[in-house]
$ cat input37.cif   # mmCIF, C-alpha atoms and all ligand atoms
data_protein
#
loop_
_atom_site.label_atom_id
_atom_site.label_comp_id
_atom_site.auth_asym_id
_atom_site.auth_seq_id
_atom_site.Cartn_x
_atom_site.Cartn_y
_atom_site.Cartn_z
CA MET A 7 -4.41 15.75 -28.63
CA LYS A 8 -7.52 17.75 -29.42
CA PHE A 9 -10.47 15.63 -28.33
CA LYS A 10 -13.50 17.43 -26.94
CA PHE A 11 -13.91 14.98 -24.06
CA LEU A 12 -10.46 15.79 -22.64
CA GLU A 13 -11.42 19.37 -21.85
CA GLN A 14 -14.93 18.43 -20.73
CA GLN A 15 -13.72 15.82 -18.28
CA LEU A 16 -10.94 18.04 -16.91
CA THR A 17 -13.46 20.82 -16.33
CA ALA A 18 -15.74 18.38 -14.51
CA LYS A 19 -12.84 17.48 -12.18
CA ARG A 20 -12.10 21.17 -11.53
CA LEU A 21 -15.74 21.91 -10.71
CA LYS A 22 -15.87 19.06 -8.19
CA GLY A 23 -12.66 20.18 -6.45
CA GLN A 24 -11.06 16.88 -7.55
CA TYR A 25 -8.48 18.23 -9.99
CA ARG A 26 -5.00 16.75 -9.46
CA LYS A 27 -1.71 18.39 -10.31
CA VAL A 28 1.81 17.17 -9.74
CA ALA A 29 3.95 19.58 -7.71
CA ILE A 30 7.39 19.55 -6.14
CA PRO A 31 6.87 19.96 -2.37
CA ALA A 32 8.13 23.29 -1.05
CA GLU A 33 11.41 23.04 0.81
CA GLY A 34 11.54 23.32 4.58
CA LEU A 35 8.17 21.69 5.30
CA VAL A 36 8.00 18.81 7.76
CA ASN A 37 6.77 15.94 5.61
CA PHE A 38 3.74 14.08 6.97
CA ALA A 39 2.70 12.91 3.49
CA SER A 40 5.43 10.35 2.80
CA ASN A 41 5.23 6.57 3.32
CA ASP A 42 8.81 6.41 4.64
CA TYR A 43 7.44 4.97 7.89
CA LEU A 44 10.79 3.74 9.24
CA GLY A 45 12.79 6.79 8.19
CA LEU A 46 15.08 4.65 6.02
CA ASN A 47 15.24 6.97 3.02
CA ARG A 48 18.80 8.34 2.93
CA HIS A 49 20.00 5.74 5.46
CA PRO A 50 23.79 5.80 4.90
CA GLU A 51 24.16 2.00 4.73
CA ILE A 52 21.39 1.67 2.15
CA VAL A 53 22.74 4.58 0.09
CA SER A 54 26.22 3.07 0.19
CA ALA A 55 24.94 -0.41 -0.82
CA PHE A 56 23.06 1.23 -3.71
CA GLN A 57 26.18 3.13 -4.85
CA GLN A 58 28.41 0.06 -4.76
CA ALA A 59 25.83 -1.97 -6.67
CA LEU A 60 25.54 0.77 -9.31
CA THR A 61 29.27 0.43 -9.91
CA GLU A 62 29.02 -3.36 -10.07
CA TYR A 63 25.81 -3.78 -12.10
CA GLY A 64 25.18 -0.43 -13.83
CA THR A 65 22.10 1.76 -13.69
CA GLY A 66 19.54 -0.51 -15.34
CA SER A 67 18.74 -4.18 -15.83
CA CYS A 68 18.17 -3.42 -19.53
CA SER A 69 15.98 -6.46 -20.10
CA ALA A 70 13.04 -8.47 -18.78
CA SER A 71 13.83 -11.03 -16.08
CA LEU A 72 13.21 -13.97 -18.42
CA ILE A 73 15.64 -12.58 -21.03
CA SER A 74 18.77 -11.24 -19.30
CA GLY A 75 17.58 -8.84 -16.58
CA TYR A 76 17.80 -11.32 -13.70
CA THR A 77 21.04 -11.27 -11.64
CA PRO A 78 22.43 -12.82 -8.44
CA ALA A 79 21.18 -9.65 -6.66
CA HIS A 80 17.59 -10.45 -7.69
CA ARG A 81 17.98 -14.09 -6.68
CA TYR A 82 19.40 -13.11 -3.28
CA LEU A 83 16.53 -10.67 -2.63
CA GLU A 84 13.97 -13.36 -3.50
CA SER A 85 15.48 -15.88 -1.13
CA GLN A 86 15.84 -13.27 1.62
CA LEU A 87 12.13 -12.41 1.25
CA CYS A 88 11.14 -16.10 1.44
CA ASP A 89 13.20 -16.60 4.62
CA TRP A 90 11.85 -13.41 6.21
CA LEU A 91 8.21 -13.95 5.32
CA GLY A 92 8.02 -17.73 5.54
CA GLY A 93 7.15 -18.29 1.88
CA GLU A 94 8.09 -21.01 -0.58
CA ARG A 95 8.83 -18.87 -3.63
CA CYS A 96 8.86 -15.23 -4.65
CA LEU A 97 8.55 -13.12 -7.81
CA LEU A 98 9.81 -9.55 -8.15
CA PHE A 99 7.96 -6.71 -9.91
CA SER A 100 8.95 -3.12 -10.64
CA SER A 101 6.01 -1.70 -8.69
CA GLY A 102 3.22 -2.75 -6.39
CA TYR A 103 0.74 -1.56 -8.97
CA SER A 104 2.08 -3.97 -11.60
CA ALA A 105 2.27 -6.84 -9.08
CA ASN A 106 -1.38 -6.40 -8.11
CA SER A 107 -2.78 -5.78 -11.55
CA GLY A 108 -0.58 -8.56 -13.00
CA PHE A 109 -1.65 -11.10 -10.40
CA PHE A 110 -5.39 -10.57 -10.78
CA ASN A 111 -5.25 -10.14 -14.54
CA THR A 112 -3.39 -13.44 -14.89
CA LEU A 113 -5.92 -15.36 -12.82
CA LEU A 114 -9.01 -13.66 -14.22
CA LYS A 115 -8.05 -14.14 -17.85
CA THR A 116 -8.11 -17.92 -17.37
CA GLY A 117 -11.90 -17.55 -17.01
CA GLN A 118 -11.68 -20.16 -14.25
CA SER A 119 -11.46 -17.96 -11.18
CA GLN A 120 -13.43 -15.27 -9.45
CA VAL A 121 -12.09 -12.60 -7.07
CA LEU A 122 -13.86 -11.22 -4.03
CA PHE A 123 -12.28 -7.92 -3.04
CA ASP A 124 -12.66 -6.05 0.21
CA ARG A 125 -14.63 -2.90 -0.65
CA LEU A 126 -11.70 -0.65 0.36
CA SER A 127 -9.07 -2.45 -1.72
CA HIS A 128 -6.46 -0.29 -3.45
CA ALA A 129 -7.05 0.87 -7.03
CA SER A 130 -4.25 -1.39 -8.31
CA MET A 131 -6.12 -4.49 -7.10
CA LEU A 132 -9.39 -3.29 -8.57
CA SER A 133 -7.87 -2.29 -11.90
CA ASN A 134 -9.08 -5.45 -13.65
CA MET A 135 -12.52 -5.47 -12.12
CA PHE A 136 -13.91 -3.38 -14.96
CA HIS A 137 -12.67 -5.87 -17.58
CA TYR A 138 -14.17 -8.86 -15.74
CA PRO A 139 -17.30 -7.54 -14.02
CA LYS A 140 -18.91 -10.99 -13.87
CA LEU A 141 -15.86 -12.53 -12.18
CA CYS A 142 -15.33 -9.84 -9.57
CA SER A 143 -17.30 -8.61 -6.61
CA ARG A 144 -16.68 -6.52 -3.51
CA PHE A 145 -17.67 -7.45 0.03
CA LYS A 146 -18.21 -5.03 2.92
CA HIS A 147 -15.00 -3.81 4.51
CA ASN A 148 -13.47 -6.37 6.92
CA ASN A 149 -16.85 -8.14 7.06
CA SER A 150 -16.44 -11.92 7.02
CA ALA A 151 -20.23 -12.48 7.27
CA ASP A 152 -20.80 -10.58 4.01
CA LEU A 153 -17.90 -12.50 2.48
CA ALA A 154 -19.43 -15.82 3.58
CA LYS A 155 -22.76 -14.88 2.00
CA ARG A 156 -21.04 -14.32 -1.32
CA LEU A 157 -18.88 -17.45 -1.04
CA ASN A 158 -22.00 -19.51 -0.33
CA LYS A 159 -23.33 -18.86 -3.83
CA PRO A 160 -22.71 -22.05 -5.85
CA SER A 161 -19.96 -21.62 -8.44
CA GLU A 162 -17.68 -23.81 -10.54
CA LEU A 163 -14.99 -21.14 -10.35
CA SER A 164 -11.96 -21.12 -8.04
CA SER A 165 -12.33 -18.24 -5.58
CA ILE A 166 -9.67 -15.79 -4.41
CA VAL A 167 -10.37 -13.39 -1.57
CA ALA A 168 -8.32 -10.16 -1.77
CA ILE A 169 -7.65 -7.89 1.20
CA GLU A 170 -5.04 -5.47 2.52
CA GLY A 171 -2.95 -6.04 5.64
CA VAL A 172 -3.24 -2.34 6.48
CA TYR A 173 -5.72 -0.16 4.61
CA SER A 174 -3.94 2.70 2.94
CA MET A 175 -6.45 5.49 3.51
CA ASP A 176 -7.83 4.63 6.97
CA GLY A 177 -4.81 2.95 8.54
CA ASP A 178 -6.91 0.18 10.08
CA LYS A 179 -5.73 -3.42 9.93
CA GLY A 180 -7.28 -6.05 7.69
CA ALA A 181 -9.23 -8.72 9.61
CA VAL A 182 -6.75 -11.32 8.36
CA ALA A 183 -7.53 -14.23 10.72
CA ASP A 184 -11.28 -13.86 10.40
CA ILE A 185 -11.25 -13.50 6.61
CA TYR A 186 -8.79 -16.38 6.21
CA HIS A 187 -10.99 -18.60 8.34
CA GLN A 188 -14.03 -17.84 6.14
CA ALA A 189 -12.07 -18.17 2.91
CA SER A 190 -10.60 -21.55 3.77
CA ALA A 191 -13.95 -22.85 5.03
CA HIS A 192 -15.16 -22.23 1.45
CA GLN A 193 -12.00 -23.59 -0.25
CA ALA A 194 -11.10 -20.07 -1.35
CA ALA A 195 -7.51 -18.78 -1.47
CA LEU A 196 -6.43 -15.55 0.25
CA TYR A 197 -4.33 -12.71 -1.24
CA VAL A 198 -3.01 -10.04 1.14
CA ASP A 199 -1.62 -6.75 -0.18
CA ASP A 200 0.70 -5.68 2.64
CA ALA A 201 2.07 -2.49 1.09
CA HIS A 202 1.55 -0.61 4.35
CA GLY A 203 2.12 -3.48 6.79
CA ILE A 204 5.56 -4.64 5.67
CA GLY A 205 8.31 -3.16 7.82
CA VAL A 206 5.75 -1.57 10.16
CA LEU A 207 4.13 -4.59 11.86
CA GLY A 208 5.73 -7.59 13.55
CA GLU A 209 8.85 -7.94 15.72
CA GLN A 210 11.10 -7.94 12.68
CA GLY A 211 8.78 -5.98 10.44
CA GLN A 212 7.40 -9.07 8.65
CA GLY A 213 4.03 -7.40 8.23
CA SER A 214 0.50 -8.58 8.77
CA LEU A 215 0.80 -12.31 8.19
CA LEU A 216 3.56 -13.81 10.25
CA SER A 217 1.67 -13.30 13.50
CA GLN A 218 -1.04 -15.52 11.93
CA PHE A 219 1.09 -18.09 10.11
CA LYS A 220 4.63 -19.22 10.95
CA GLN A 221 4.89 -20.54 7.43
CA LEU A 222 2.77 -19.15 4.63
CA PRO A 223 0.09 -21.79 3.84
CA ASP A 224 -0.32 -22.94 0.23
CA ASP A 225 -3.58 -21.05 -0.07
CA VAL A 226 -2.22 -17.66 1.06
CA THR A 227 -0.33 -15.20 -1.12
CA HIS A 228 1.54 -12.24 0.36
CA MET A 229 2.23 -9.12 -1.74
CA VAL A 230 4.72 -6.63 -0.34
CA THR A 231 6.01 -3.37 -1.78
CA PHE A 232 9.44 -1.79 -1.37
CA GLY A 233 8.54 1.85 -2.02
CA LYS A 234 7.12 2.62 1.41
CA ALA A 235 8.71 1.47 4.71
CA LEU A 236 11.68 -0.06 2.85
CA ALA A 237 12.33 3.21 1.00
CA THR A 238 13.42 1.71 -2.34
CA GLN A 239 11.18 0.72 -5.26
CA GLY A 240 9.34 -2.37 -6.53
CA ALA A 241 7.34 -5.23 -5.08
CA ALA A 242 7.21 -8.98 -4.59
CA ILE A 243 4.57 -11.67 -4.63
CA ILE A 244 5.37 -14.48 -2.19
CA GLY A 245 3.45 -17.71 -2.52
CA SER A 246 3.53 -21.39 -3.33
CA GLU A 247 6.00 -22.91 -5.78
CA GLU A 248 3.19 -23.74 -8.19
CA LEU A 249 1.65 -20.25 -8.10
CA ILE A 250 4.99 -18.54 -8.75
CA GLU A 251 5.74 -20.93 -11.63
CA PHE A 252 2.30 -20.11 -13.04
CA MET A 253 2.90 -16.35 -12.77
CA THR A 254 6.36 -16.71 -14.33
CA ASN A 255 4.76 -18.39 -17.33
CA TYR A 256 1.49 -16.48 -17.72
CA CYS A 257 1.75 -13.05 -16.07
CA SER A 258 2.24 -10.50 -18.89
CA GLU A 259 3.14 -7.72 -16.44
CA TYR A 260 6.11 -9.87 -15.35
CA ILE A 261 7.10 -11.45 -18.67
CA PHE A 262 6.99 -8.32 -20.82
CA SER A 263 8.44 -5.73 -18.45
CA THR A 264 12.04 -4.70 -17.74
CA ALA A 265 13.28 -6.17 -14.46
CA MET A 266 13.96 -3.81 -11.57
CA SER A 267 17.60 -2.72 -11.53
CA ALA A 268 20.04 -4.97 -9.69
CA ALA A 269 21.20 -1.91 -7.71
CA ASN A 270 17.64 -1.41 -6.47
CA ALA A 271 17.52 -5.10 -5.50
CA VAL A 272 20.78 -4.76 -3.52
CA ALA A 273 19.53 -1.62 -1.77
CA THR A 274 16.25 -3.38 -0.90
CA SER A 275 18.15 -6.31 0.61
CA LYS A 276 20.15 -3.91 2.79
CA SER A 277 16.97 -2.10 3.79
CA ILE A 278 15.34 -5.41 4.84
CA GLU A 279 18.38 -6.23 7.01
CA ILE A 280 18.09 -2.88 8.81
CA CYS A 281 14.34 -3.27 9.12
CA GLN A 282 14.80 -6.72 10.73
CA ASN A 283 17.42 -5.54 13.20
CA GLU A 284 16.18 -2.12 14.29
CA ASN A 285 12.97 -2.74 16.17
CA TRP A 286 13.40 0.63 17.92
CA ARG A 287 12.06 2.27 14.75
CA ARG A 288 8.71 0.45 15.13
CA GLU A 289 8.62 1.17 18.87
CA LYS A 290 9.20 4.87 18.24
CA LEU A 291 6.56 4.91 15.52
CA ASN A 292 4.09 3.41 17.95
CA GLU A 293 4.83 6.08 20.54
CA LEU A 294 4.43 8.85 17.96
CA GLN A 295 1.03 7.45 16.90
CA HIS A 296 -0.23 7.72 20.48
CA LEU A 297 1.29 11.16 20.93
CA PHE A 298 -0.39 12.49 17.78
CA LYS A 299 -3.81 11.15 18.74
CA GLU A 300 -3.50 12.38 22.34
CA ASN A 301 -2.79 15.91 21.14
CA LEU A 302 -5.53 16.09 18.53
CA ALA A 303 -8.70 17.97 19.55
CA SER A 304 -11.46 15.57 20.60
CA GLU A 305 -14.05 17.22 18.33
CA LEU A 306 -12.12 16.10 15.26
CA GLU A 307 -13.10 12.78 13.71
CA ILE A 308 -10.24 10.44 12.90
CA THR A 309 -10.18 7.04 11.18
CA GLU A 310 -9.99 3.87 13.29
CA SER A 311 -6.27 3.65 12.75
CA GLU A 312 -3.87 1.32 14.56
CA THR A 313 -0.90 2.25 12.42
CA PRO A 314 1.15 5.30 11.36
CA ILE A 315 -1.55 6.20 8.80
CA ILE A 316 -4.13 8.44 10.45
CA GLY A 317 -7.00 10.05 8.55
CA VAL A 318 -8.45 13.29 9.91
CA ILE A 319 -11.91 13.54 8.36
CA THR A 320 -12.59 16.87 6.67
CA ASN A 321 -15.63 15.81 4.61
CA ASP A 322 -15.76 18.03 1.52
CA GLU A 323 -13.16 18.72 -1.15
CA GLU A 324 -12.79 22.49 -0.84
CA ARG A 325 -12.45 22.40 2.92
CA THR A 326 -9.82 19.66 2.71
CA LEU A 327 -7.75 21.63 0.20
CA THR A 328 -8.04 24.82 2.27
CA ILE A 329 -6.90 23.09 5.45
CA ALA A 330 -3.97 21.39 3.70
CA ALA A 331 -2.90 24.77 2.26
CA ARG A 332 -3.15 26.42 5.69
CA LEU A 333 -1.06 23.64 7.22
CA LYS A 334 1.68 24.41 4.70
CA GLU A 335 1.75 27.97 6.05
CA HIS A 336 2.36 26.40 9.47
CA GLY A 337 5.28 24.41 7.99
CA PHE A 338 3.62 20.99 7.55
CA LEU A 339 3.06 18.90 4.42
CA VAL A 340 -0.02 16.68 4.69
CA SER A 341 -1.91 15.06 1.82
CA ALA A 342 -5.48 16.11 0.99
CA ILE A 343 -7.33 12.94 0.01
CA ARG A 344 -10.46 13.30 -2.13
CA PRO A 345 -12.67 11.09 -4.33
CA PRO A 346 -12.22 8.84 -6.17
CA THR A 347 -9.51 7.73 -3.73
CA VAL A 348 -12.10 7.84 -0.91
CA GLU A 349 -15.88 7.93 -1.11
CA SER A 350 -17.68 11.22 -1.53
CA GLY A 351 -18.18 13.13 1.73
CA ARG A 352 -15.27 11.32 3.42
CA CYS A 353 -12.41 13.55 2.27
CA ARG A 354 -9.56 13.65 4.71
CA LEU A 355 -6.10 14.77 5.63
CA ARG A 356 -3.94 11.67 5.43
CA VAL A 357 -1.25 12.02 8.08
CA THR A 358 1.59 9.53 7.85
CA LEU A 359 4.04 9.34 10.71
CA SER A 360 7.65 8.25 10.46
CA SER A 361 10.22 7.20 13.02
CA SER A 362 12.32 10.05 11.63
CA HIS A 363 9.84 12.56 13.12
CA ASN A 364 10.53 13.92 16.58
CA PRO A 365 7.86 14.37 19.27
CA ASN A 366 7.86 18.18 18.91
CA GLU A 367 7.07 17.94 15.21
CA VAL A 368 4.21 15.54 15.89
CA ILE A 369 2.75 17.71 18.66
CA GLY A 370 3.26 20.77 16.42
CA LEU A 371 1.26 19.15 13.63
CA ALA A 372 -1.57 18.14 15.97
CA ASN A 373 -1.76 21.69 17.32
CA ALA A 374 -1.76 23.18 13.83
CA ILE A 375 -4.56 20.83 12.72
CA ASN A 376 -6.53 21.71 15.84
CA GLU A 377 -6.20 25.39 15.11
CA VAL A 378 -6.90 25.25 11.38
CA ALA A 379 -9.46 22.43 11.15
CA VAL A 380 -11.48 23.35 14.21
CA MET A 381 -11.60 26.99 13.06
CA GLU A 382 -12.73 25.85 9.58
CA GLN A 383 -15.39 23.67 11.23
CA GLN A 384 -16.74 26.72 13.05
CA VAL A 385 -16.78 28.76 9.83
CA CYS A 386 -18.87 26.01 8.19
C1 LIG B 1 -2.31 -0.78 -0.74
C2 LIG B 1 -1.41 -0.46 -1.90
N1 LIG B 1 -1.13 -1.42 -2.78
C3 LIG B 1 -0.33 -1.19 -3.83
C4 LIG B 1 0.22 0.05 -4.06
C5 LIG B 1 1.08 0.28 -5.25
O1 LIG B 1 2.42 0.14 -4.91
P1 LIG B 1 3.54 0.92 -5.74
O2 LIG B 1 3.55 2.33 -5.25
O3 LIG B 1 4.79 0.17 -5.45
O4 LIG B 1 3.14 0.84 -7.19
C6 LIG B 1 -0.03 1.09 -3.15
C7 LIG B 1 0.56 2.41 -3.38
O5 LIG B 1 0.22 3.42 -2.87
C8 LIG B 1 -0.87 0.83 -2.05
O6 LIG B 1 -1.18 1.80 -1.17
#
$ encode --input "input37.cif" --output "structure tokens"
Amino acid sequence: MKFKFLEQQLTAKRLKGQYRKVAIPAEGLVNFASNDYLGLNRHPEIVSAFQQALTEYGTGSCSASLISGYTPAHRYLESQLCDWLGGERCLLFSSGYSANSGFFNTLLKTGQSQVLFDRLSHASMLSNMFHYPKLCSRFKHNNSADLAKRLNKPSELSSIVAIEGVYSMDGDKGAVADIYHQASAHQAALYVDDAHGIGVLGEQGQGSLLSQFKQLPDDVTHMVTFGKALATQGAAIIGSEELIEFMTNYCSEYIFSTAMSAANAVATSKSIEICQNENWRREKLNELQHLFKENLASELEITESETPIIGVITNDEERTLTIAARLKEHGFLVSAIRPPTVESGRCRLRVTLSSSHNPNEVIGLANAINEVAVMEQQVC
């Protein structure tokens, strides 16, 4: 395509140090940029379940769920998710992005609801905000007082409050109880994207909500993804019978999209089983989080993380890229996060820990960051 604006806008990205390029990670690096928090990728039982299901069901579902793509494997996964997460009904999507954008698009297009998003909500939740600017607003991060102020404005619309269980770039937890309390006091429903909480939080990895609610209330919807701690692919929305029926009938992202493969559904079910039974993975992850923070130089600023996602603040784009490149020379892969993913001036190294890491690797990374980032700080 030869449009002038393509080149202009790409050049603008380059000049700001925000250009993105896909690359295959070099071999031999210790990976601190993956969301495989529980170290389940390549787990032999999950791989074997996947292989057997490929033989049974084939490689693809070859159709949307409402046509012929839905199998007993999908049904089993849905019921397993409802039992695990205390929900009434569940709907599967091929990605977390399509679950989020589908959910909000479906409600917003009715013209009868408004959504109040936490300011730090993931891009997939905010993707419809630009189409419905009058129906969407953002409240201050984890701030129930700011939320209450906005909910107090008189409106005929039904309100949905949207938050994350664990925020993907800072690693802090969503103020679920506080926000839920405010939302329900104003007859608003709550939607929690738990992409980074599922598998990681809770005795059996149930994520951010089950410590709050034994059974998911009618006015709470839980969105979980499979591509991170569960190490497969796809997502699910868990909510009330009526909501799931509504989505099944009105959500274009569900109706007009090929269902996830049955083999992927089988592998996800196996992964959930392991996640429920192997609490040692979460305990180890917790220990590694402490170890990493303890070994990081005190002059470095880190995000207020309580999870395996830890942001080391590096401020500007160039510096962040330089430090990430230097860490590769030390044998570590860490992601360099820049705007628009985070606000300008708050660039960071996003370190993600996994129970597959060993203590020496974690201490080694902390030492390498200390050496490279503190030196860079002095140069600046
Ligand atoms: C908070 C959050 N929600 C949703 C998604 C999208 O999930 P998926 O990768 O399955 O599309 C991500 C992915 O990074 C995420 O961090």
$ closest_atom_pairs --input "input37.cif" --of "chain A" --to "ligand LIG 1 (chain B)" --cutoff "8 Å" --atoms "only C-alpha atoms and all ligand atoms" --output "tab-separated table"
residue	atom	partner	partner_atom	distance
A:Ser100	CA	B:LIG1	O3	7.4
A:Ser101	CA	B:LIG1	O3	3.9
A:Gly102	CA	B:LIG1	O1	3.3
A:Tyr103	CA	B:LIG1	O4	3.8
A:Ser104	CA	B:LIG1	O4	6.6
A:Ala105	CA	B:LIG1	O4	8.0
A:Asn106	CA	B:LIG1	C3	6.8
A:Ser127	CA	B:LIG1	C1	7.0
A:His128	CA	B:LIG1	C1	5.0
A:Ala129	CA	B:LIG1	N1	7.6
A:Ser130	CA	B:LIG1	C3	6.0
A:Met131	CA	B:LIG1	N1	7.3
A:Glu170	CA	B:LIG1	C1	6.3
A:Val172	CA	B:LIG1	C1	7.4
A:Tyr173	CA	B:LIG1	C1	6.4
A:Ser174	CA	B:LIG1	O6	5.0
A:Met175	CA	B:LIG1	O6	8.0
A:Asp199	CA	B:LIG1	N1	6.0
A:Asp200	CA	B:LIG1	C1	6.7
A:Ala201	CA	B:LIG1	C2	5.0
A:His202	CA	B:LIG1	C1	6.4
A:Thr231	CA	B:LIG1	O3	5.2
A:Phe232	CA	B:LIG1	O3	6.5
A:Gly233	CA	B:LIG1	O3	5.4
A:Lys234	CA	B:LIG1	O2	7.6
A:Gln239	CA	B:LIG1	O3	6.4
A:Gly240	CA	B:LIG1	O3	5.3
A:Ala241	CA	B:LIG1	O3	6.0
$ residues_around --input "input37.cif" --residues "Glu209 (chain A)" --least-positions-apart "5" --cutoff "10 Å" --atoms "only C-alpha atoms" --output "PyMOL selection string"
chain A and resi 216-217+281-286+288-289
$ atom_distance --input "input37.cif" --atom1 "CA of Lys27 (chain A)" --atom2 "CA of Gly317 (chain A)"
21.3 Å
$ residues_around --input "input37.cif" --residues "region 300-312 of chain A" --least-positions-apart "3" --cutoff "7 Å" --atoms "all atoms listed in the file" --output "VMD selection string"
chain A and resid 176 to 179 296 to 297 315 to 319 369 372 to 373 376
$ closest_atom_pairs --input "input37.cif" --of "region 281-347 of chain A" --to "region 353-367 of chain A" --cutoff "10 Å" --atoms "only C-alpha atoms" --output "Markdown table"
| residue | atom | partner | partner_atom | distance |
| --- | --- | --- | --- | --- |
| A:Trp286 | CA | A:Ser361 | CA | 8.8 |
| A:Arg287 | CA | A:Ser361 | CA | 5.5 |
| A:Arg288 | CA | A:Ser361 | CA | 7.2 |
| A:Glu289 | CA | A:Ser361 | CA | 8.6 |
| A:Lys290 | CA | A:Ser361 | CA | 5.8 |
| A:Leu291 | CA | A:Ser361 | CA | 5.0 |
| A:Asn292 | CA | A:Ser361 | CA | 8.7 |
| A:Glu293 | CA | A:Pro365 | CA | 8.9 |
| A:Leu294 | CA | A:Pro365 | CA | 6.6 |
| A:Gln295 | CA | A:Leu359 | CA | 7.1 |
| A:Leu297 | CA | A:Pro365 | CA | 7.5 |
| A:Phe298 | CA | A:Pro365 | CA | 8.6 |
| A:Glu307 | CA | A:Arg354 | CA | 9.7 |
| A:Ile308 | CA | A:Arg354 | CA | 8.8 |
| A:Thr309 | CA | A:Arg354 | CA | 9.3 |
| A:Thr313 | CA | A:Leu359 | CA | 8.8 |
| A:Pro314 | CA | A:Leu359 | CA | 5.0 |
| A:Ile315 | CA | A:Thr358 | CA | 4.7 |
| A:Ile316 | CA | A:Val357 | CA | 5.2 |
| A:Gly317 | CA | A:Arg356 | CA | 4.7 |
| A:Val318 | CA | A:Leu355 | CA | 5.1 |
| A:Ile319 | CA | A:Arg354 | CA | 4.3 |
| A:Thr320 | CA | A:Arg354 | CA | 4.8 |
| A:Asn321 | CA | A:Cys353 | CA | 4.6 |
| A:Asp322 | CA | A:Cys353 | CA | 5.6 |
| A:Glu323 | CA | A:Cys353 | CA | 6.2 |
| A:Glu324 | CA | A:Cys353 | CA | 9.5 |
| A:Arg325 | CA | A:Cys353 | CA | 8.9 |
| A:Thr326 | CA | A:Arg354 | CA | 6.3 |
| A:Leu327 | CA | A:Leu355 | CA | 8.9 |
| A:Ile329 | CA | A:Leu355 | CA | 8.4 |
| A:Ala330 | CA | A:Leu355 | CA | 7.2 |
| A:Gly337 | CA | A:Glu367 | CA | 9.9 |
| A:Phe338 | CA | A:Glu367 | CA | 8.9 |
| A:Leu339 | CA | A:Val357 | CA | 8.9 |
| A:Val340 | CA | A:Val357 | CA | 5.9 |
| A:Ser341 | CA | A:Arg356 | CA | 5.4 |
| A:Ala342 | CA | A:Leu355 | CA | 4.9 |
| A:Ile343 | CA | A:Arg354 | CA | 5.3 |
| A:Arg344 | CA | A:Cys353 | CA | 4.8 |
| A:Pro345 | CA | A:Cys353 | CA | 7.0 |
| A:Pro346 | CA | A:Cys353 | CA | 9.7 |
| A:Thr347 | CA | A:Cys353 | CA | 8.8 |
$ atom_distance --input "input37.cif" --atom1 "CA of Pro78 (chain A)" --atom2 "CA of Gln58 (chain A)"
14.7 Å
$ closest_residue --input "input37.cif" --among "A:Phe145, A:Trp90, A:Phe99, A:Tyr260" --to "Leu215 (chain A)" --atoms "only C-alpha atoms"
A:Trp90
